[in-house]
Amino acid sequence: MRLRAWIFCLITAALSVRPLHALAESPNAAAPAGIAFAKSTAPLDVTADQGIEISQDAKEVIAHVNARAVRGNATLIGDTLTAYYRPKAAPKAAAPKGANPGTPSAGDETSNSEVWRVVADGAVEIFNPTQHAYGDHADYNIDDAVVVMTGDHLKMTTPLDIITARDSLEYWETKHQAVARGDAVEIRGEKRIQADLLVADFAENAQKQMVIDVAHGYDHVILTTATDVVTGDRADYVVETGIVTVTGRVKMTRQNNQLNGGYAVVNLNTGISTLYPAPPGDKAGDRQVKGLFMPQKKAAPVPAATASPPPPKGS
């Protein structure tokens with residue numbers, strides 16, 4: 001039998017633990033919500049299959065087995081969820097006349113607590129209606145509004161994009177920014193950007209969905225389209241225009257042909273790619289665009305069809 005959230009509420013009420021909308025009063029509170037909890041002021045609903053325990057010494061609340069925390073339209077799932085709390089600083093009040101300013105008041109000693117970190121372990125998922133992230137471990141720092149996911153098969157999905165990473169996958173909620181580290185890949189249809197580090201900025205589209213607005217790739221960049229493979233040191237992709245600029249040691253390959261340069265502009269919408277010796281404003285000097293074009297093998301001619309002569313008369 002699952003333990004409903006009211007049990008958790010009783011525990012947290014006894015401790016005066018501040019709920020997870022600790023950052024809801026921030027100036028960015030009106031911005032579109034991300035995949036974490038910081039932007040919501042709704043109650044936190046927690047369930048678990050095998051109990052919710054509290055440790056006053058460690059200042060932690062733990063939900064065991066198939067644990068789920070829901071706030072508004074955001075959900076965090078894991079085999080185990082652990083919420084860490086700490087004393088909340090009491091608001092400063094004017095000291096009475098004659099009192100020693102350095103002496104703590106009774107209110108300071110009985111101030112409430114606040115949750116500042118939530119950790120999920122085992123089959124972790126964080127999602128809302130338009131974003132979904134997967135990993136083995138998630139560490140959500142509420143002070144910074146940052147969640148860091150690690151483990152195997154790290155992935156984040158949106159209605160249009162898929163992001164994967166080897167080392168870690170981060171979501172910076174106040175910035176609406178995802179950071180994928182280690183063999184990071186962003187995929188949209190037939191288009192694919194791979195790099196050691198990918199940074200994706202999200203924005204709300206006309207359908208009120210959080211989708212990638214701009215993506216940046218750093219180090220060992222590989223851009224793959226239906227016709228080209230472009231490599232370089234950095235890539236900047238503006239989704240609205242469909243244009244990707246690639247800088248550094250740029251190499252563009254199409255079939256057996258290859259171009260080398262210092263700056264490429266790839267229009268994913270038109271399929272037109274242009275290579276330059278250097279980026280705009282950078283004097284190219286003696287640098288040039290170099291191309292290697294392999295001759296296409298001619299196909300063997302197809303024999304013309306011939307008609308058989310008609311049979312002799314009277315045969």
# chains A, B, ... in the order shown; residues from 1 in each chain; ligands from 1
>>> residues_around(residues="range 199-215 of chain A", least_positions_apart="5", cutoff="8 Å", atoms="only C-alpha atoms", output="ChimeraX atom specification")
/A:32,34,130-131,158-161,175-180,236-240
>>> select_by_dssp(residues="range 91-300 of chain A", states="strand (DSSP E or B)", output="short mmCIF file (atom, residue, chain, number, x, y, z; two decimals) with C-alpha atoms, in the first residue's frame")
data_model
loop_
_atom_site.label_atom_id
_atom_site.label_comp_id
_atom_site.auth_asym_id
_atom_site.auth_seq_id
_atom_site.Cartn_x
_atom_site.Cartn_y
_atom_site.Cartn_z
CA SER A 113 13.53 25.01 8.42
CA GLU A 114 13.78 24.93 4.65
CA VAL A 115 14.50 22.20 2.10
CA TRP A 116 17.56 23.17 0.06
CA ARG A 117 18.42 19.95 -1.82
CA VAL A 118 16.61 16.89 -3.20
CA VAL A 119 18.46 13.76 -4.36
CA ALA A 120 16.93 10.90 -6.38
CA ASP A 121 18.59 7.52 -6.94
CA GLY A 122 17.71 4.62 -9.23
CA ALA A 123 15.65 4.79 -12.46
CA VAL A 124 15.33 8.57 -12.15
CA GLU A 125 12.93 10.56 -14.30
CA ILE A 126 12.09 14.27 -14.20
CA PHE A 127 9.35 15.50 -16.47
CA HIS A 132 11.41 14.59 -19.99
CA ALA A 133 14.85 13.72 -18.56
CA TYR A 134 16.23 10.28 -17.64
CA GLY A 135 19.22 9.10 -15.57
CA ASP A 136 20.36 6.95 -12.66
CA HIS A 137 21.01 9.77 -10.19
CA ALA A 138 19.70 13.32 -9.87
CA ASP A 139 20.89 16.05 -7.50
CA TYR A 140 18.63 19.11 -7.38
CA ASN A 141 20.08 22.19 -5.65
CA VAL A 146 19.98 23.46 -10.90
CA VAL A 147 19.44 19.73 -11.33
CA VAL A 148 22.40 17.51 -12.30
CA MET A 149 21.72 14.02 -13.64
CA THR A 150 24.35 11.29 -14.00
CA LEU A 154 21.34 10.10 -20.00
CA LYS A 155 18.62 11.66 -22.13
CA MET A 156 16.33 14.68 -22.32
CA THR A 157 13.44 14.92 -24.77
CA ILE A 162 16.46 14.68 -28.18
CA ILE A 163 19.60 15.43 -26.12
CA THR A 164 21.91 12.68 -24.86
CA ALA A 165 25.18 12.73 -22.91
CA SER A 168 26.22 14.44 -17.03
CA LEU A 169 23.05 16.24 -18.01
CA GLU A 170 22.19 19.49 -16.26
CA TYR A 171 19.15 21.76 -16.29
CA TRP A 172 19.55 25.36 -15.08
CA GLN A 177 19.25 26.04 -20.16
CA ALA A 178 20.34 22.41 -20.55
CA VAL A 179 24.02 21.43 -20.45
CA ALA A 180 25.12 18.04 -21.77
CA ARG A 181 28.69 16.92 -21.06
CA GLY A 182 30.70 14.15 -22.67
CA ASP A 183 29.91 12.86 -26.17
CA ALA A 184 26.84 15.10 -26.14
CA VAL A 185 24.33 14.87 -28.99
CA GLU A 186 21.32 16.97 -30.00
CA ILE A 187 19.00 15.43 -32.61
CA ARG A 188 16.12 17.00 -34.53
CA LYS A 191 19.82 16.90 -38.23
CA ARG A 192 22.36 16.03 -35.55
CA ILE A 193 24.94 18.06 -33.61
CA GLN A 194 27.57 16.23 -31.56
CA ALA A 195 30.26 17.80 -29.34
CA ASP A 196 32.19 17.33 -26.12
CA LEU A 197 29.91 19.96 -24.55
CA LEU A 198 26.45 21.08 -25.67
CA VAL A 199 24.56 24.05 -24.22
CA ALA A 200 20.90 24.41 -25.24
CA ASP A 201 18.82 27.49 -24.44
CA PHE A 202 15.08 26.80 -24.18
CA ALA A 203 12.20 29.16 -24.95
CA GLU A 204 8.43 28.85 -25.06
CA MET A 210 9.49 24.56 -24.02
CA VAL A 211 11.74 23.83 -27.02
CA ILE A 212 15.35 24.52 -27.92
CA ASP A 213 15.82 28.08 -29.20
CA VAL A 214 19.62 28.22 -29.57
CA ALA A 215 22.22 25.44 -29.21
CA HIS A 216 25.99 25.74 -28.86
CA GLY A 217 28.52 22.94 -29.34
CA TYR A 218 32.10 23.11 -28.05
CA ASP A 219 35.10 20.95 -29.04
CA HIS A 220 35.08 18.06 -31.52
CA VAL A 221 31.89 19.33 -33.15
CA ILE A 222 30.19 17.12 -35.74
CA LEU A 223 27.17 18.50 -37.59
CA THR A 224 25.27 15.93 -39.67
CA VAL A 229 28.92 16.20 -42.48
CA VAL A 230 30.63 19.31 -41.07
CA THR A 231 33.27 19.17 -38.33
CA GLY A 232 34.91 21.99 -36.38
CA ASP A 233 35.78 23.38 -32.96
CA ARG A 234 32.53 25.22 -32.24
CA ALA A 235 28.97 25.33 -33.59
CA ASP A 236 26.17 27.83 -32.95
CA TYR A 237 22.68 26.84 -34.06
CA VAL A 238 19.79 29.33 -34.20
CA ILE A 243 21.38 28.43 -39.60
CA VAL A 244 24.40 26.77 -38.00
CA THR A 245 27.77 28.50 -37.99
CA VAL A 246 30.82 26.30 -37.47
CA THR A 247 34.24 27.76 -36.62
CA GLY A 248 37.74 26.46 -36.06
CA ARG A 249 39.31 23.77 -38.18
CA VAL A 250 36.28 23.27 -40.38
CA LYS A 251 35.92 20.30 -42.68
CA MET A 252 32.85 19.80 -44.85
CA THR A 253 32.18 16.44 -46.52
CA ARG A 254 29.49 15.69 -49.10
CA ASN A 257 33.99 15.54 -51.89
CA GLN A 258 35.71 17.46 -49.11
CA LEU A 259 36.20 21.18 -48.34
CA ASN A 260 38.48 22.65 -45.67
CA GLY A 261 38.28 26.16 -44.23
CA GLY A 262 37.92 28.26 -41.10
CA TYR A 263 34.23 29.17 -41.04
CA ALA A 264 31.10 27.50 -42.38
CA VAL A 265 27.48 28.64 -42.63
CA VAL A 266 25.04 25.75 -42.95
CA ASN A 267 21.38 26.51 -43.64
CA SER A 273 26.28 25.20 -47.08
CA THR A 274 28.98 27.84 -47.58
CA LEU A 275 32.61 27.63 -46.48
CA TYR A 276 34.92 30.62 -45.90
CA LYS A 290 40.59 24.14 -50.12
CA GLY A 291 38.53 21.51 -51.87
CA LEU A 292 39.08 17.95 -52.95
#
>>> atom_distance(atom1="CA of Leu81 in chain A", atom2="CA of Glu60 in chain A")
10.1 Å
>>> closest_residue(among="A:Pro129, A:Thr82, A:Ala67, A:Thr75", to="Ser55 in chain A", atoms="only C-alpha atoms")
A:Thr82
>>> residues_around(residues="Val65 in chain A", least_positions_apart="6", cutoff="10 Å", atoms="only C-alpha atoms", output="ChimeraX atom specification")
/A:2,47-52,77-81,121-122
>>> write_last_selection(atoms="C-alpha atoms", output="PDB file, in the first residue's frame")
ATOM      1  CA  ARG A   2       1.448   3.347  -1.051  1.00  0.00           C
ATOM      2  CA  THR A  47       4.294   8.882  -2.488  1.00  0.00           C
ATOM      3  CA  ALA A  48       6.426   5.781  -1.834  1.00  0.00           C
ATOM      4  CA  ASP A  49       5.829   2.029  -1.663  1.00  0.00           C
ATOM      5  CA  GLN A  50       7.859   1.239   1.470  1.00  0.00           C
ATOM      6  CA  GLY A  51       7.697   4.195   3.783  1.00  0.00           C
ATOM      7  CA  ILE A  52       8.866   7.743   4.386  1.00  0.00           C
ATOM      8  CA  ILE A  77      10.580   9.755  -9.873  1.00  0.00           C
ATOM      9  CA  GLY A  78      13.253   7.494  -8.369  1.00  0.00           C
ATOM     10  CA  ASP A  79      13.741   4.311  -6.394  1.00  0.00           C
ATOM     11  CA  THR A  80      14.652   6.574  -3.460  1.00  0.00           C
ATOM     12  CA  LEU A  81      14.105  10.287  -2.878  1.00  0.00           C
ATOM     13  CA  ASP A 121      18.587   7.519  -6.938  1.00  0.00           C
ATOM     14  CA  GLY A 122      17.706   4.623  -9.230  1.00  0.00           C
TER      15      GLY A 122
END
>>> atom_distance(atom1="CA of Ala58 in chain A", atom2="CA of Leu76 in chain A")
22.2 Å
